[in-house]
Amino acid sequence: MSKPLLHFSHANGFPAPAYRALFEVLADRFRIESIEALGMDPQHPPTEGWKLLVAQLIERFERHRKPVLAVGHSLGGYLSYLAAVRRPELVRAVILLDAPIIGPIKGRLLGATKRFGIVDRVTPAGATRDRRSTWASLAEAERHFRTRRLFRHFTPECLRDYVRHGLTERDGALHLKIDPAIEYRIYRTIPHGMHRYLKHLRVPAGFIGGADSNVVKRTGLAPMRGRFEFMKLPGGHLFPFEHPRETARAIIEMAERLGAA
């Protein structure tokens with residue numbers, strides 16, 4: 001009997017192959033598919049509300065004869081949720097990894113920051129815009145990332161996977177595979193009304209969050225209660241890279257709870 005299909009959608013700036021350690025465990029139970037680098041397809045660029053990014057995900061789901069288990073981390077979780085709302089017949093269940101849905105009050109505030117041009121202050125957009133994006137070698141890149149706060153709790157293998165799969169060679173240098181300008185636009189165009197679709201969610205849904213996630217602490221989970229199953233794992237917002245095997249086992253457990261394993 002063939003394994004059920006799990007479609008994984010990555011976080012902003014972290015190409016899908018960088019999750020190799022996570023996929024390695026999940027592959028025992030699922031056939032895994034993904035879009036390698038969201039935002040980089042010229043036919044599906046980041047636009048206000050991420051409409052074309054959601055469309056890209058739906059187009060990928062439509063290729064399969066059976067509904068998929070849609071799992072996504074951060075950006076990928078939000079896109080999986082929005083795709084499940086729009087096309088529930090294509091999704092068996094959806095699992096969000098540290099992608100909390102903000103409520104109406106915070107959603108209106110986020111919308112206001114976009115209208116007034118100050119969204120960079122409340123999202124990682126500002127820090128993303130000026131990040132370093134080229135290195136002379138993989139070793140130099142790994143040394144650089146090892147000193148950055150964002151990566152400080154990555155396992156050594158996940159950091160190596162990020163360096164190996166998150167960079168691409170061009171013009172004699174190594175460049176980030178996901179252009180920082182694209183990453184920046186994704187943050188600036190985040191949908192601010194996602195809470196409105198919770199009442200239209202028709203598929204089983206789970207949320208796995210990091211115990212120390214600054215995103216969950218800032219956003220809260222109240223709007224999702226009653227519609228999602230919840231689990232918590234050690235780590236911050238990037239816990240799939242900090243505890244990849246524990247994350248994989250949690251995804252499998254959550255999928256079983258939702259009847260999608």
# chains A, B, ... in the order shown; residues from 1 in each chain; ligands from 1
>>> closest_atom_pairs(of="segment 168-251 of chain A", to="segment 92-100 of chain A", cutoff="9 Å", atoms="only C-alpha atoms", output="tab-separated table")
residue	atom	partner	partner_atom	distance
A:Val203	CA	A:Ala93	CA	5.4
A:Pro204	CA	A:Ala93	CA	4.8
A:Ala205	CA	A:Val94	CA	4.9
A:Gly206	CA	A:Ile95	CA	4.6
A:Phe207	CA	A:Leu96	CA	4.8
A:Ile208	CA	A:Leu97	CA	5.0
A:Gly209	CA	A:Asp98	CA	4.5
A:Gly210	CA	A:Asp98	CA	6.5
A:Ser213	CA	A:Asp98	CA	7.6
A:Val215	CA	A:Asp98	CA	7.4
A:Val216	CA	A:Pro100	CA	6.3
A:Thr219	CA	A:Pro100	CA	6.7
A:Gly220	CA	A:Pro100	CA	7.0
A:Leu221	CA	A:Pro100	CA	6.2
A:Pro223	CA	A:Pro100	CA	8.8
A:Met224	CA	A:Pro100	CA	7.8
A:Phe228	CA	A:Ile95	CA	8.9
A:Gly236	CA	A:Asp98	CA	8.8
A:His237	CA	A:Asp98	CA	6.1
A:Leu238	CA	A:Asp98	CA	8.1
A:Phe239	CA	A:Asp98	CA	8.5
A:Pro240	CA	A:Leu97	CA	8.2
A:Ile251	CA	A:Ile95	CA	7.6
>>> write_last_selection(atoms="C-alpha atoms", output="PDB file, in the first residue's frame")
ATOM      1  CA  VAL A 203     -10.723  20.164   7.326  1.00  0.00           C
ATOM      2  CA  PRO A 204      -9.167  18.719  10.514  1.00  0.00           C
ATOM      3  CA  ALA A 205      -6.500  21.107  11.757  1.00  0.00           C
ATOM      4  CA  GLY A 206      -3.574  20.972  14.170  1.00  0.00           C
ATOM      5  CA  PHE A 207      -1.088  23.478  15.532  1.00  0.00           C
ATOM      6  CA  ILE A 208       2.384  22.640  16.860  1.00  0.00           C
ATOM      7  CA  GLY A 209       4.177  25.549  18.508  1.00  0.00           C
ATOM      8  CA  GLY A 210       7.527  26.243  20.087  1.00  0.00           C
ATOM      9  CA  SER A 213       8.379  31.000  20.352  1.00  0.00           C
ATOM     10  CA  VAL A 215       5.777  34.635  17.522  1.00  0.00           C
ATOM     11  CA  VAL A 216       3.290  32.616  19.573  1.00  0.00           C
ATOM     12  CA  THR A 219       0.267  36.677  18.749  1.00  0.00           C
ATOM     13  CA  GLY A 220      -1.493  34.269  21.087  1.00  0.00           C
ATOM     14  CA  LEU A 221      -3.626  31.286  20.148  1.00  0.00           C
ATOM     15  CA  PRO A 223      -8.640  32.766  17.820  1.00  0.00           C
ATOM     16  CA  MET A 224      -7.703  29.169  16.958  1.00  0.00           C
ATOM     17  CA  PHE A 228      -7.389  23.291  16.119  1.00  0.00           C
ATOM     18  CA  GLY A 236      11.612  28.858  19.550  1.00  0.00           C
ATOM     19  CA  HIS A 237       9.968  29.865  16.284  1.00  0.00           C
ATOM     20  CA  LEU A 238      12.512  27.801  14.335  1.00  0.00           C
ATOM     21  CA  PHE A 239      12.079  24.648  16.436  1.00  0.00           C
ATOM     22  CA  PRO A 240      11.929  22.356  13.345  1.00  0.00           C
ATOM     23  CA  ILE A 251       3.777  15.781  13.150  1.00  0.00           C
TER      24      ILE A 251
END
>>> closest_atom_pairs(of="segment 168-237 of chain A", to="segment 37-61 of chain A", cutoff="7 Å", atoms="only C-alpha atoms", output="Markdown table")
| residue | atom | partner | partner_atom | distance |
| --- | --- | --- | --- | --- |
| A:Ile178 | CA | A:Ala37 | CA | 6.5 |
| A:Ile182 | CA | A:Gly39 | CA | 6.3 |
| A:Arg185 | CA | A:Pro46 | CA | 6.3 |
| A:Ile186 | CA | A:Pro46 | CA | 5.5 |
| A:Thr189 | CA | A:Glu48 | CA | 4.6 |
| A:Ile190 | CA | A:Gly49 | CA | 5.6 |
| A:Pro191 | CA | A:Gly49 | CA | 4.2 |
>>> residues_around(residues="Arg31 of chain A", least_positions_apart="3", cutoff="6 Å", atoms="only C-alpha atoms", output="list in words")
Lys3, Leu5 and Leu6 of chain A
>>> write_last_selection(atoms="N, CA and C atoms", output="short mmCIF file (atom, residue, chain, number, x, y, z; two decimals), in the first residue's frame")
data_model
loop_
_atom_site.label_atom_id
_atom_site.label_comp_id
_atom_site.auth_asym_id
_atom_site.auth_seq_id
_atom_site.Cartn_x
_atom_site.Cartn_y
_atom_site.Cartn_z
N LYS A 3 2.26 5.05 0.62
CA LYS A 3 2.22 5.93 1.78
C LYS A 3 1.35 7.14 1.49
N LEU A 5 0.33 11.04 1.17
CA LEU A 5 1.13 12.16 0.69
C LEU A 5 1.10 13.31 1.68
N LEU A 6 2.27 13.77 2.05
CA LEU A 6 2.43 14.95 2.91
C LEU A 6 3.08 16.04 2.07
#
>>> select_by_dssp(residues="segment 105-249 of chain A", states="helix (DSSP H, G or I)", output="MDAnalysis selection string")
chainID A and resid 105:115 119:121 125:129 138:146 149:151 156:166 180:188 194:200 214:219 222:224 239:242 244:249
>>> residues_around(residues="Thr155 of chain A", least_positions_apart="3", cutoff="12 Å", atoms="only C-alpha atoms", output="PyMOL selection string")
chain A and resi 19+21-22+146+151-152+158-162+235+238-245
>>> residues_around(residues="Thr134 of chain A", least_positions_apart="4", cutoff="9 Å", atoms="only C-alpha atoms", output="list in words")
Ala141, Leu167, Ala173, Leu174, His175 and Leu176 of chain A
>>> write_last_selection(atoms="C-alpha atoms", output="PDB file, in the first residue's frame")
ATOM      1  CA  ALA A 141      28.916  30.955   5.054  1.00  0.00           C
ATOM      2  CA  LEU A 167      22.718  28.902  -1.063  1.00  0.00           C
ATOM      3  CA  ALA A 173      30.067  33.384  -5.436  1.00  0.00           C
ATOM      4  CA  LEU A 174      27.454  31.752  -3.222  1.00  0.00           C
ATOM      5  CA  HIS A 175      24.139  33.604  -2.970  1.00  0.00           C
ATOM      6  CA  LEU A 176      21.039  33.015  -0.869  1.00  0.00           C
TER       7      LEU A 176
END
>>> select_by_dssp(residues="segment 17-238 of chain A", states="strand (DSSP E)", output="JSON, numbers by chain")
{"A": [31, 32, 33, 34, 68, 69, 70, 71, 72, 73, 91, 92, 93, 94, 95, 96, 97, 134, 135, 167, 168, 169, 170, 173, 174, 175, 176, 205, 206, 207, 208, 209, 210, 229, 230, 231, 232, 233]}
>>> write_last_selection(atoms="C-alpha atoms", output="mmCIF file, in the first residue's frame")
data_model
loop_
_atom_site.group_PDB
_atom_site.id
_atom_site.type_symbol
_atom_site.label_atom_id
_atom_site.label_comp_id
_atom_site.auth_asym_id
_atom_site.auth_seq_id
_atom_site.Cartn_x
_atom_site.Cartn_y
_atom_site.Cartn_z
ATOM 1 C CA ARG A 31 5.582 10.384 0.738
ATOM 2 C CA ILE A 32 6.860 13.951 0.949
ATOM 3 C CA GLU A 33 6.525 16.682 -1.644
ATOM 4 C CA SER A 34 7.312 20.379 -1.478
ATOM 5 C CA VAL A 68 -2.852 15.770 0.776
ATOM 6 C CA LEU A 69 -1.816 16.253 4.376
ATOM 7 C CA ALA A 70 -0.733 19.900 4.222
ATOM 8 C CA VAL A 71 2.026 20.756 6.720
ATOM 9 C CA GLY A 72 3.728 24.126 6.829
ATOM 10 C CA HIS A 73 6.197 26.057 8.958
ATOM 11 C CA VAL A 91 -6.648 18.675 1.773
ATOM 12 C CA ARG A 92 -7.065 15.738 4.196
ATOM 13 C CA ALA A 93 -5.864 17.797 7.158
ATOM 14 C CA VAL A 94 -3.646 20.794 7.820
ATOM 15 C CA ILE A 95 -0.891 21.129 10.429
ATOM 16 C CA LEU A 96 0.619 24.529 11.177
ATOM 17 C CA LEU A 97 4.109 24.700 12.691
ATOM 18 C CA THR A 134 26.808 36.453 -0.634
ATOM 19 C CA TRP A 135 29.811 34.392 0.515
ATOM 20 C CA LEU A 167 22.718 28.902 -1.063
ATOM 21 C CA THR A 168 23.283 28.700 -4.798
ATOM 22 C CA GLU A 169 26.372 29.390 -6.877
ATOM 23 C CA ARG A 170 26.255 32.296 -9.303
ATOM 24 C CA ALA A 173 30.067 33.384 -5.436
ATOM 25 C CA LEU A 174 27.454 31.752 -3.222
ATOM 26 C CA HIS A 175 24.139 33.604 -2.970
ATOM 27 C CA LEU A 176 21.039 33.015 -0.869
ATOM 28 C CA ALA A 205 -6.500 21.107 11.757
ATOM 29 C CA GLY A 206 -3.574 20.972 14.170
ATOM 30 C CA PHE A 207 -1.088 23.478 15.532
ATOM 31 C CA ILE A 208 2.384 22.640 16.860
ATOM 32 C CA GLY A 209 4.177 25.549 18.508
ATOM 33 C CA GLY A 210 7.527 26.243 20.087
ATOM 34 C CA GLU A 229 -5.725 20.501 18.061
ATOM 35 C CA PHE A 230 -2.657 21.820 19.898
ATOM 36 C CA MET A 231 0.798 20.513 20.770
ATOM 37 C CA LYS A 232 3.873 22.248 22.165
ATOM 38 C CA LEU A 233 7.531 21.382 21.613
#
>>> atom_distance(atom1="atom CA of Ala18 of chain A", atom2="atom CA of Glu157 of chain A")
9.8 Å
>>> atom_distance(atom1="atom CA of Ala136 of chain A", atom2="atom CA of Ile35 of chain A")
27.0 Å
